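See below for the structure under consideration.
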Amino acid sequence: MKNIVRSVKGTRDFYPDEMARRSWLVEKLKTASEAFGYQRYEGPCLETIDLYAAKSGEELVKEQAFVFEDRGGDPITLRPELTPTLTRMVASKENELAFPLRWWAFGPFWRYERPQKGRTREFYQWNIDLIGSDSVQADAELLAVAANFFKLVGLKSDMVQILVNDRRLMDRKLTDIGIRNEMKPELLKLIDRIDKQPADVWEKNVAALGLDMGQIGAIKALLANGDLWQESVELSKIFEYVEALGIREYVQYSPKIIRGLDYYTGLVFEAHEVKGDFRAILGGGHYANLVADVGGQPLPGVGFAMGDVVIMLVLEAYGLLPADLSYPGTVFVTVFDEELLVESIKLARHLRENGFNVILAEPDKLARQFKLADRLGVKFALVLGPDELANGTVMVKDLRTFEQHSVSRNELGSIINH
RNA sequence: GUGCCUGUAGCUCAAUGGCAGAGUGCUUCACUGUGGAUGAAGAUGUUGAGGGUUCGAGCCCCUCCAGGCACCCCA
């Protein structure tokens, strides 16, 4: 490899093909969000570190945020997540906004982590929140947004599943087992990663918190109980509502879903590819009082975030990424020779004035011009040679089917209009 | 931040410590009004970077860089 200055570790270059895929993804997110009445918003990528001091996972900010000083010496953070920004935006205009709010966003985030498959240091994230409602209906709606997005991009319920749980239910069950409140946060973290640690290591870690063998056994029984949701009024309603929303087959109960972020207080959920070859596609939950922490009136809500990296890997694995994104609807106008260049310029102009995107070639062997058109991935190539000029026609070649027809200028628009 | 694996042509990968290769793609021509195929010819490169051992390093050793797996965390 030549001696080219490197890009920053964990960042990605988006060449036109990749950029087209990202734009395609954003279109799908927009469609899925707007179908439920969500409006797009955006915040700054730079924030003060104070914004994150109040909440988030402490580790997320202390260990994983990019923090640096600006030229005035003030500490600046590249946002590692959007929720605190959203919280501030809502709190500052709490009295003028129409609640419940339905907002979505898509933008870049940064976390200083070791890059792996599905995890980069600079990534894009879809955030969607419903703020100002404490209802189970609102929780179910967010599950429906996620599931309908999956449907929209062709991911069936045998490819992805949304696993749900409720922190209130888990809290109750832990109390029943005799777990003291001070012990619960640590224990919940361990429950969250029970499948990541060998069984004996996990038990050792739980025992280290001060649990006896009986309690450990009770927790293991709890985590193996797929019907536990029936003891939760809220989860029972969730399953009733997702049935009515037509997405029941996407939603599944799992007592092991806890989520790392501290501000979740009720429903928590994660979407996974079913074969387990990927990290979580999206994750979210219900929070009781996000806005109060930054000085507003307490406002409950529910939301989730989806990174661009994992979802694109999953879509690629299932062959669901569209192939012909490079030049949809762009027309390639060849130039027969230097003498006819002006005629081709006029033809290209005429087409642009009629709403077409047009690439005008430069005089060269026609074979070379066609080869370029082929590599660019355009659908139509036009030839305007002496014969066509003499009888007022244009040769239109469909590069996909290899068919070509001589058509009049008047017919041209309708021929290439699809 | 911890442990392990990997890095060779644009891409996918070969090469016992002994002359750096194949497939594919690319360029040119056969084809002076046409990109699919075929045939012919051609170029692929500081073997991720730097140092060390050796008569000799793609291969062994060290450092660094990158991305992959697990941990951690999480999108």
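Following the order of the structure tokens, first chain is A, next is B, and so on, with residues numbered from 1 inside each chain and ligands from 1 in the order they appear.
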
According to DSSP computed on the backbone, where in stretch 188-251 of chain A is there helix (DSSP H, G or I)? Give the residues as a PDB file with N, CA, C and O atoms, in the first residue's frame.
```
ATOM      1  N   LEU A 188     -28.596  -6.829  38.459  1.00  0.00           N
ATOM      2  CA  LEU A 188     -29.239  -6.697  37.146  1.00  0.00           C
ATOM      3  C   LEU A 188     -28.193  -6.677  36.031  1.00  0.00           C
ATOM      4  O   LEU A 188     -28.396  -7.238  34.956  1.00  0.00           O
ATOM      5  N   LYS A 189     -27.058  -6.024  36.309  1.00  0.00           N
ATOM      6  CA  LYS A 189     -25.983  -6.008  35.306  1.00  0.00           C
ATOM      7  C   LYS A 189     -25.492  -7.420  35.021  1.00  0.00           C
ATOM      8  O   LYS A 189     -25.202  -7.776  33.884  1.00  0.00           O
ATOM      9  N   LEU A 190     -25.387  -8.210  36.093  1.00  0.00           N
ATOM     10  CA  LEU A 190     -24.936  -9.589  35.904  1.00  0.00           C
ATOM     11  C   LEU A 190     -25.973 -10.408  35.142  1.00  0.00           C
ATOM     12  O   LEU A 190     -25.633 -11.243  34.294  1.00  0.00           O
ATOM     13  N   ILE A 191     -27.247 -10.170  35.455  1.00  0.00           N
ATOM     14  CA  ILE A 191     -28.312 -10.884  34.746  1.00  0.00           C
ATOM     15  C   ILE A 191     -28.237 -10.567  33.254  1.00  0.00           C
ATOM     16  O   ILE A 191     -28.392 -11.450  32.405  1.00  0.00           O
ATOM     17  N   ASP A 192     -27.964  -9.315  32.951  1.00  0.00           N
ATOM     18  CA  ASP A 192     -27.896  -8.863  31.565  1.00  0.00           C
ATOM     19  C   ASP A 192     -26.842  -9.636  30.773  1.00  0.00           C
ATOM     20  O   ASP A 192     -26.966  -9.815  29.573  1.00  0.00           O
ATOM     21  N   ILE A 194     -25.636 -12.843  31.517  1.00  0.00           N
ATOM     22  CA  ILE A 194     -25.538 -14.249  31.939  1.00  0.00           C
ATOM     23  C   ILE A 194     -25.085 -15.152  30.794  1.00  0.00           C
ATOM     24  O   ILE A 194     -24.368 -16.131  31.014  1.00  0.00           O
ATOM     25  N   ASP A 195     -25.471 -14.802  29.564  1.00  0.00           N
ATOM     26  CA  ASP A 195     -25.096 -15.661  28.441  1.00  0.00           C
ATOM     27  C   ASP A 195     -23.674 -15.410  27.953  1.00  0.00           C
ATOM     28  O   ASP A 195     -23.186 -16.087  27.062  1.00  0.00           O
ATOM     29  N   LYS A 196     -23.023 -14.397  28.524  1.00  0.00           N
ATOM     30  CA  LYS A 196     -21.665 -14.058  28.064  1.00  0.00           C
ATOM     31  C   LYS A 196     -20.597 -14.676  28.942  1.00  0.00           C
ATOM     32  O   LYS A 196     -19.425 -14.671  28.585  1.00  0.00           O
ATOM     33  N   ALA A 199     -20.981 -20.575  33.074  1.00  0.00           N
ATOM     34  CA  ALA A 199     -21.935 -20.730  34.174  1.00  0.00           C
ATOM     35  C   ALA A 199     -21.277 -20.622  35.544  1.00  0.00           C
ATOM     36  O   ALA A 199     -21.795 -19.937  36.438  1.00  0.00           O
ATOM     37  N   ASP A 200     -20.122 -21.274  35.723  1.00  0.00           N
ATOM     38  CA  ASP A 200     -19.501 -21.267  37.048  1.00  0.00           C
ATOM     39  C   ASP A 200     -18.955 -19.882  37.400  1.00  0.00           C
ATOM     40  O   ASP A 200     -19.040 -19.446  38.544  1.00  0.00           O
ATOM     41  N   VAL A 201     -18.410 -19.181  36.395  1.00  0.00           N
ATOM     42  CA  VAL A 201     -17.912 -17.826  36.630  1.00  0.00           C
ATOM     43  C   VAL A 201     -19.066 -16.915  37.035  1.00  0.00           C
ATOM     44  O   VAL A 201     -18.968 -16.116  37.972  1.00  0.00           O
ATOM     45  N   TRP A 202     -20.170 -17.077  36.310  1.00  0.00           N
ATOM     46  CA  TRP A 202     -21.341 -16.237  36.577  1.00  0.00           C
ATOM     47  C   TRP A 202     -21.833 -16.450  38.007  1.00  0.00           C
ATOM     48  O   TRP A 202     -22.107 -15.511  38.739  1.00  0.00           O
ATOM     49  N   GLU A 203     -21.939 -17.715  38.393  1.00  0.00           N
ATOM     50  CA  GLU A 203     -22.418 -18.022  39.753  1.00  0.00           C
ATOM     51  C   GLU A 203     -21.479 -17.455  40.804  1.00  0.00           C
ATOM     52  O   GLU A 203     -21.919 -16.945  41.833  1.00  0.00           O
ATOM     53  N   LYS A 204     -20.198 -17.520  40.520  1.00  0.00           N
ATOM     54  CA  LYS A 204     -19.215 -16.976  41.446  1.00  0.00           C
ATOM     55  C   LYS A 204     -19.414 -15.475  41.618  1.00  0.00           C
ATOM     56  O   LYS A 204     -19.377 -14.927  42.719  1.00  0.00           O
ATOM     57  N   ASN A 205     -19.637 -14.800  40.482  1.00  0.00           N
ATOM     58  CA  ASN A 205     -19.843 -13.362  40.527  1.00  0.00           C
ATOM     59  C   ASN A 205     -21.105 -12.990  41.299  1.00  0.00           C
ATOM     60  O   ASN A 205     -21.127 -12.007  42.037  1.00  0.00           O
ATOM     61  N   VAL A 206     -22.149 -13.771  41.094  1.00  0.00           N
ATOM     62  CA  VAL A 206     -23.398 -13.494  41.803  1.00  0.00           C
ATOM     63  C   VAL A 206     -23.215 -13.757  43.301  1.00  0.00           C
ATOM     64  O   VAL A 206     -23.656 -12.971  44.148  1.00  0.00           O
ATOM     65  N   ALA A 207     -22.539 -14.847  43.614  1.00  0.00           N
ATOM     66  CA  ALA A 207     -22.301 -15.170  45.022  1.00  0.00           C
ATOM     67  C   ALA A 207     -21.486 -14.070  45.701  1.00  0.00           C
ATOM     68  O   ALA A 207     -21.691 -13.756  46.876  1.00  0.00           O
ATOM     69  N   ALA A 208     -20.585 -13.454  44.906  1.00  0.00           N
ATOM     70  CA  ALA A 208     -19.739 -12.404  45.462  1.00  0.00           C
ATOM     71  C   ALA A 208     -20.555 -11.183  45.902  1.00  0.00           C
ATOM     72  O   ALA A 208     -20.107 -10.390  46.718  1.00  0.00           O
ATOM     73  N   MET A 213     -27.001 -19.758  48.013  1.00  0.00           N
ATOM     74  CA  MET A 213     -27.266 -20.727  46.955  1.00  0.00           C
ATOM     75  C   MET A 213     -28.746 -20.792  46.583  1.00  0.00           C
ATOM     76  O   MET A 213     -29.109 -20.946  45.424  1.00  0.00           O
ATOM     77  N   GLY A 214     -29.594 -20.663  47.584  1.00  0.00           N
ATOM     78  CA  GLY A 214     -31.031 -20.700  47.335  1.00  0.00           C
ATOM     79  C   GLY A 214     -31.462 -19.541  46.451  1.00  0.00           C
ATOM     80  O   GLY A 214     -32.257 -19.719  45.517  1.00  0.00           O
ATOM     81  N   GLN A 215     -30.914 -18.365  46.731  1.00  0.00           N
ATOM     82  CA  GLN A 215     -31.279 -17.193  45.935  1.00  0.00           C
ATOM     83  C   GLN A 215     -30.746 -17.314  44.501  1.00  0.00           C
ATOM     84  O   GLN A 215     -31.434 -16.951  43.547  1.00  0.00           O
ATOM     85  N   ILE A 216     -29.526 -17.831  44.377  1.00  0.00           N
ATOM     86  CA  ILE A 216     -28.959 -18.014  43.035  1.00  0.00           C
ATOM     87  C   ILE A 216     -29.816 -18.979  42.224  1.00  0.00           C
ATOM     88  O   ILE A 216     -30.117 -18.738  41.052  1.00  0.00           O
ATOM     89  N   GLY A 217     -30.244 -20.052  42.876  1.00  0.00           N
ATOM     90  CA  GLY A 217     -31.115 -21.021  42.205  1.00  0.00           C
ATOM     91  C   GLY A 217     -32.423 -20.370  41.787  1.00  0.00           C
ATOM     92  O   GLY A 217     -32.930 -20.605  40.678  1.00  0.00           O
ATOM     93  N   ALA A 218     -32.962 -19.535  42.655  1.00  0.00           N
ATOM     94  CA  ALA A 218     -34.228 -18.861  42.352  1.00  0.00           C
ATOM     95  C   ALA A 218     -34.084 -17.927  41.163  1.00  0.00           C
ATOM     96  O   ALA A 218     -34.967 -17.826  40.307  1.00  0.00           O
ATOM     97  N   ILE A 219     -32.935 -17.245  41.080  1.00  0.00           N
ATOM     98  CA  ILE A 219     -32.707 -16.335  39.954  1.00  0.00           C
ATOM     99  C   ILE A 219     -32.567 -17.109  38.655  1.00  0.00           C
ATOM    100  O   ILE A 219     -33.114 -16.733  37.618  1.00  0.00           O
ATOM    101  N   LYS A 220     -31.859 -18.240  38.724  1.00  0.00           N
ATOM    102  CA  LYS A 220     -31.708 -19.046  37.516  1.00  0.00           C
ATOM    103  C   LYS A 220     -33.050 -19.560  37.018  1.00  0.00           C
ATOM    104  O   LYS A 220     -33.319 -19.607  35.805  1.00  0.00           O
ATOM    105  N   ALA A 221     -33.915 -19.926  37.966  1.00  0.00           N
ATOM    106  CA  ALA A 221     -35.257 -20.382  37.599  1.00  0.00           C
ATOM    107  C   ALA A 221     -36.035 -19.235  36.948  1.00  0.00           C
ATOM    108  O   ALA A 221     -36.746 -19.414  35.957  1.00  0.00           O
ATOM    109  N   LEU A 222     -35.844 -18.038  37.525  1.00  0.00           N
ATOM    110  CA  LEU A 222     -36.505 -16.835  37.005  1.00  0.00           C
ATOM    111  C   LEU A 222     -36.121 -16.597  35.538  1.00  0.00           C
ATOM    112  O   LEU A 222     -36.970 -16.340  34.676  1.00  0.00           O
ATOM    113  N   LEU A 223     -34.817 -16.713  35.284  1.00  0.00           N
ATOM    114  CA  LEU A 223     -34.310 -16.393  33.952  1.00  0.00           C
ATOM    115  C   LEU A 223     -34.631 -17.482  32.929  1.00  0.00           C
ATOM    116  O   LEU A 223     -34.440 -17.285  31.737  1.00  0.00           O
ATOM    117  N   LEU A 228     -42.863 -15.655  32.396  1.00  0.00           N
ATOM    118  CA  LEU A 228     -42.846 -14.694  33.506  1.00  0.00           C
ATOM    119  C   LEU A 228     -43.657 -13.435  33.194  1.00  0.00           C
ATOM    120  O   LEU A 228     -44.242 -12.827  34.086  1.00  0.00           O
ATOM    121  N   TRP A 229     -43.700 -13.067  31.910  1.00  0.00           N
ATOM    122  CA  TRP A 229     -44.411 -11.852  31.509  1.00  0.00           C
ATOM    123  C   TRP A 229     -45.871 -11.851  31.938  1.00  0.00           C
ATOM    124  O   TRP A 229     -46.473 -10.790  32.105  1.00  0.00           O
ATOM    125  N   GLN A 230     -46.425 -13.057  32.114  1.00  0.00           N
ATOM    126  CA  GLN A 230     -47.846 -13.141  32.485  1.00  0.00           C
ATOM    127  C   GLN A 230     -48.109 -12.576  33.872  1.00  0.00           C
ATOM    128  O   GLN A 230     -49.245 -12.268  34.217  1.00  0.00           O
ATOM    129  N   GLU A 231     -47.053 -12.417  34.651  1.00  0.00           N
ATOM    130  CA  GLU A 231     -47.201 -11.827  35.979  1.00  0.00           C
ATOM    131  C   GLU A 231     -47.121 -10.306  35.934  1.00  0.00           C
ATOM    132  O   GLU A 231     -47.171  -9.655  36.978  1.00  0.00           O
ATOM    133  N   VAL A 233     -48.832  -6.894  34.500  1.00  0.00           N
ATOM    134  CA  VAL A 233     -49.999  -6.292  33.836  1.00  0.00           C
ATOM    135  C   VAL A 233     -49.559  -5.582  32.564  1.00  0.00           C
ATOM    136  O   VAL A 233     -50.180  -5.699  31.512  1.00  0.00           O
ATOM    137  N   GLU A 234     -48.438  -4.853  32.681  1.00  0.00           N
ATOM    138  CA  GLU A 234     -47.979  -4.055  31.550  1.00  0.00           C
ATOM    139  C   GLU A 234     -47.567  -4.941  30.369  1.00  0.00           C
ATOM    140  O   GLU A 234     -47.945  -4.676  29.219  1.00  0.00           O
ATOM    141  N   LEU A 235     -46.780  -5.967  30.652  1.00  0.00           N
ATOM    142  CA  LEU A 235     -46.341  -6.841  29.554  1.00  0.00           C
ATOM    143  C   LEU A 235     -47.515  -7.596  28.946  1.00  0.00           C
ATOM    144  O   LEU A 235     -47.546  -7.844  27.735  1.00  0.00           O
ATOM    145  N   SER A 236     -48.481  -7.967  29.775  1.00  0.00           N
ATOM    146  CA  SER A 236     -49.667  -8.634  29.234  1.00  0.00           C
ATOM    147  C   SER A 236     -50.384  -7.723  28.257  1.00  0.00           C
ATOM    148  O   SER A 236     -50.823  -8.156  27.184  1.00  0.00           O
ATOM    149  N   LYS A 237     -50.478  -6.456  28.630  1.00  0.00           N
ATOM    150  CA  LYS A 237     -51.111  -5.487  27.722  1.00  0.00           C
ATOM    151  C   LYS A 237     -50.268  -5.310  26.460  1.00  0.00           C
ATOM    152  O   LYS A 237     -50.804  -5.198  25.360  1.00  0.00           O
ATOM    153  N   ILE A 238     -48.944  -5.251  26.650  1.00  0.00           N
ATOM    154  CA  ILE A 238     -48.051  -5.124  25.490  1.00  0.00           C
ATOM    155  C   ILE A 238     -48.358  -6.195  24.457  1.00  0.00           C
ATOM    156  O   ILE A 238     -48.527  -5.917  23.264  1.00  0.00           O
ATOM    157  N   PHE A 239     -48.462  -7.439  24.929  1.00  0.00           N
ATOM    158  CA  PHE A 239     -48.688  -8.537  23.978  1.00  0.00           C
ATOM    159  C   PHE A 239     -50.073  -8.456  23.347  1.00  0.00           C
ATOM    160  O   PHE A 239     -50.273  -8.860  22.199  1.00  0.00           O
ATOM    161  N   GLU A 240     -51.034  -7.902  24.111  1.00  0.00           N
ATOM    162  CA  GLU A 240     -52.366  -7.699  23.541  1.00  0.00           C
ATOM    163  C   GLU A 240     -52.300  -6.643  22.431  1.00  0.00           C
ATOM    164  O   GLU A 240     -52.881  -6.810  21.356  1.00  0.00           O
ATOM    165  N   TYR A 241     -51.570  -5.570  22.702  1.00  0.00           N
ATOM    166  CA  TYR A 241     -51.521  -4.462  21.746  1.00  0.00           C
ATOM    167  C   TYR A 241     -50.711  -4.818  20.499  1.00  0.00           C
ATOM    168  O   TYR A 241     -51.077  -4.427  19.393  1.00  0.00           O
ATOM    169  N   VAL A 242     -49.584  -5.493  20.680  1.00  0.00           N
ATOM    170  CA  VAL A 242     -48.777  -5.809  19.489  1.00  0.00           C
ATOM    171  C   VAL A 242     -49.529  -6.794  18.580  1.00  0.00           C
ATOM    172  O   VAL A 242     -49.310  -6.814  17.373  1.00  0.00           O
ATOM    173  N   GLU A 243     -50.409  -7.576  19.186  1.00  0.00           N
ATOM    174  CA  GLU A 243     -51.283  -8.439  18.382  1.00  0.00           C
ATOM    175  C   GLU A 243     -52.159  -7.560  17.482  1.00  0.00           C
ATOM    176  O   GLU A 243     -52.256  -7.765  16.267  1.00  0.00           O
ATOM    177  N   ALA A 244     -52.781  -6.542  18.097  1.00  0.00           N
ATOM    178  CA  ALA A 244     -53.657  -5.638  17.345  1.00  0.00           C
ATOM    179  C   ALA A 244     -52.872  -4.814  16.326  1.00  0.00           C
ATOM    180  O   ALA A 244     -53.396  -4.440  15.275  1.00  0.00           O
ATOM    181  N   ARG A 248     -47.224  -9.157  16.248  1.00  0.00           N
ATOM    182  CA  ARG A 248     -47.023 -10.102  17.353  1.00  0.00           C
ATOM    183  C   ARG A 248     -45.879 -11.070  17.091  1.00  0.00           C
ATOM    184  O   ARG A 248     -45.115 -11.413  17.992  1.00  0.00           O
ATOM    185  N   GLU A 249     -45.737 -11.490  15.813  1.00  0.00           N
ATOM    186  CA  GLU A 249     -44.726 -12.510  15.509  1.00  0.00           C
ATOM    187  C   GLU A 249     -43.301 -11.992  15.649  1.00  0.00           C
ATOM    188  O   GLU A 249     -42.361 -12.771  15.701  1.00  0.00           O
ATOM    189  N   TYR A 250     -43.145 -10.668  15.728  1.00  0.00           N
ATOM    190  CA  TYR A 250     -41.807 -10.096  15.888  1.00  0.00           C
ATOM    191  C   TYR A 250     -41.392  -9.973  17.352  1.00  0.00           C
ATOM    192  O   TYR A 250     -40.234  -9.730  17.643  1.00  0.00           O
TER     193      TYR A 250
END
```

List every residue of stretch 100-288 of chain A that DSSP, applied to the backbone of this structure, assigns to strand (DSSP E), and report them as a ChimeraX atom specification. /A:101-110,122-131,160-166,251-253,264-273,282-287

May I ask you to extract the residues of chain A within 7 Å of chain B, using only C-alpha atoms (C1' of nucleotides), and to give them as a PDB file with N, CA, C and O atoms, in the first residue's frame?
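Below you can see part_3.pdb, which holds the result:
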```pdb
ATOM      1  N   GLN A 116     -14.825  -3.453  16.202  1.00  0.00           N
ATOM      2  CA  GLN A 116     -15.077  -4.853  15.866  1.00  0.00           C
ATOM      3  C   GLN A 116     -16.158  -4.893  14.803  1.00  0.00           C
ATOM      4  O   GLN A 116     -16.648  -3.855  14.388  1.00  0.00           O
ATOM      5  N   GLN A 125     -26.754   6.731  13.864  1.00  0.00           N
ATOM      6  CA  GLN A 125     -27.766   6.114  14.711  1.00  0.00           C
ATOM      7  C   GLN A 125     -29.131   6.717  14.412  1.00  0.00           C
ATOM      8  O   GLN A 125     -29.268   7.937  14.258  1.00  0.00           O
ATOM      9  N   ILE A 281     -29.359  -5.301  17.078  1.00  0.00           N
ATOM     10  CA  ILE A 281     -29.663  -4.367  15.989  1.00  0.00           C
ATOM     11  C   ILE A 281     -30.140  -3.037  16.549  1.00  0.00           C
ATOM     12  O   ILE A 281     -29.739  -1.984  16.079  1.00  0.00           O
ATOM     13  N   LEU A 282     -31.008  -3.091  17.539  1.00  0.00           N
ATOM     14  CA  LEU A 282     -31.487  -1.877  18.175  1.00  0.00           C
ATOM     15  C   LEU A 282     -31.826  -2.167  19.626  1.00  0.00           C
ATOM     16  O   LEU A 282     -32.007  -3.318  20.016  1.00  0.00           O
ATOM     17  N   ALA A 305     -32.809   3.236  19.941  1.00  0.00           N
ATOM     18  CA  ALA A 305     -31.771   3.667  19.018  1.00  0.00           C
ATOM     19  C   ALA A 305     -31.309   2.470  18.209  1.00  0.00           C
ATOM     20  O   ALA A 305     -31.238   1.353  18.713  1.00  0.00           O
ATOM     21  N   MET A 306     -31.017   2.726  16.932  1.00  0.00           N
ATOM     22  CA  MET A 306     -30.506   1.675  16.057  1.00  0.00           C
ATOM     23  C   MET A 306     -29.281   2.204  15.338  1.00  0.00           C
ATOM     24  O   MET A 306     -29.342   3.238  14.679  1.00  0.00           O
ATOM     25  N   GLY A 307     -28.157   1.511  15.452  1.00  0.00           N
ATOM     26  CA  GLY A 307     -26.949   1.925  14.756  1.00  0.00           C
ATOM     27  C   GLY A 307     -26.994   1.506  13.297  1.00  0.00           C
ATOM     28  O   GLY A 307     -27.674   0.547  12.944  1.00  0.00           O
ATOM     29  N   LEU A 366     -16.684   5.030 -29.456  1.00  0.00           N
ATOM     30  CA  LEU A 366     -17.979   4.716 -28.855  1.00  0.00           C
ATOM     31  C   LEU A 366     -17.867   3.548 -27.883  1.00  0.00           C
ATOM     32  O   LEU A 366     -18.510   3.522 -26.835  1.00  0.00           O
ATOM     33  N   ALA A 367     -17.020   2.586 -28.235  1.00  0.00           N
ATOM     34  CA  ALA A 367     -16.864   1.415 -27.369  1.00  0.00           C
ATOM     35  C   ALA A 367     -16.415   1.840 -25.980  1.00  0.00           C
ATOM     36  O   ALA A 367     -16.889   1.328 -24.965  1.00  0.00           O
ATOM     37  N   PHE A 370     -19.307   3.516 -24.145  1.00  0.00           N
ATOM     38  CA  PHE A 370     -20.282   2.539 -23.648  1.00  0.00           C
ATOM     39  C   PHE A 370     -19.747   1.781 -22.448  1.00  0.00           C
ATOM     40  O   PHE A 370     -20.477   1.460 -21.521  1.00  0.00           O
ATOM     41  N   LYS A 371     -18.472   1.506 -22.488  1.00  0.00           N
ATOM     42  CA  LYS A 371     -17.874   0.784 -21.362  1.00  0.00           C
ATOM     43  C   LYS A 371     -17.966   1.629 -20.087  1.00  0.00           C
ATOM     44  O   LYS A 371     -18.275   1.117 -19.008  1.00  0.00           O
ATOM     45  N   ASP A 374     -21.476   1.584 -18.868  1.00  0.00           N
ATOM     46  CA  ASP A 374     -21.745   0.297 -18.239  1.00  0.00           C
ATOM     47  C   ASP A 374     -21.193   0.250 -16.823  1.00  0.00           C
ATOM     48  O   ASP A 374     -21.860  -0.161 -15.881  1.00  0.00           O
TER      49      ASP A 374
END
```

From the list A:Ala323, A:Leu382, A:Leu29, A:Met395, which residue is nearest A:Ser408 when using only C-alpha atoms?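 Among the listed residues, the smallest separation from A:Ser408 belongs to A:Met395.
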
Which value, in Å to one decimal, gives the distance between atom CA of A:Ile76 and atom CA of A:Thr11?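 Those two atoms sit 19.6 Å apart.
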
For A:Leu376, which residue out of A:Phe106, A:Asp50, A:Pro16, A:Arg114 is the nearest one, using only C-alpha atoms?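 Using only C-alpha atoms, A:Leu376 sits closest to A:Pro16.
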
As a ChimeraX atom specification, please: the residues near A:Arg172 (cut-off 10 Å, only C-alpha atoms (C1' of nucleotides), same-chain neighbours under 6 positions excluded). /A:178-179,232

Would you output that residue set with C-alpha atoms, as a CSV table (one decimal), in the first residue's frame?
```csv
chain,number,residue,atom,x,y,z
A,178,GLY,CA,-35.2,-11.4,49.2
A,179,ILE,CA,-32.7,-9.2,47.3
A,232,SER,CA,-46.9,-8.3,34.6
```

Between A:Val396, A:Val136, A:Leu340, A:Val26, which one has atoms that come closest to A:Tyr124, using only C-alpha atoms? A:Val26

Using only C-alpha atoms (C1' of nucleotides), which of the listed residues (B:C19, B:C64, B:U27, B:U54) sits closest to B:A41?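 Result for the nearest residue to B:A41: B:U27.
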
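Across the structure, atom CA of A:Pro255 and atom CA of A:Glu273 are spaced 17.8 Å apart.
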
Which residue gives the smallest distance to A:Leu101 among A:Pro328, A:Pro185, A:Pro300, A:Gly355, with only C-alpha atoms counted?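 Nearest to A:Leu101: A:Pro300.
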
Might you pull out every residue within 6 Å of A:Asn165, with only C-alpha atoms (C1' of nucleotides) counted and same-chain residues fewer than 4 positions away left off, and present them as a PyMOL selection string? chain A and resi 254-255+257+267-268

Could you tell me how far atom CA of A:Val309 sits from atom CA of A:Thr85, in Å to one decimal place?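 Separating atom CA of A:Thr85 from atom CA of A:Val309 is a distance of 22.1 Å.
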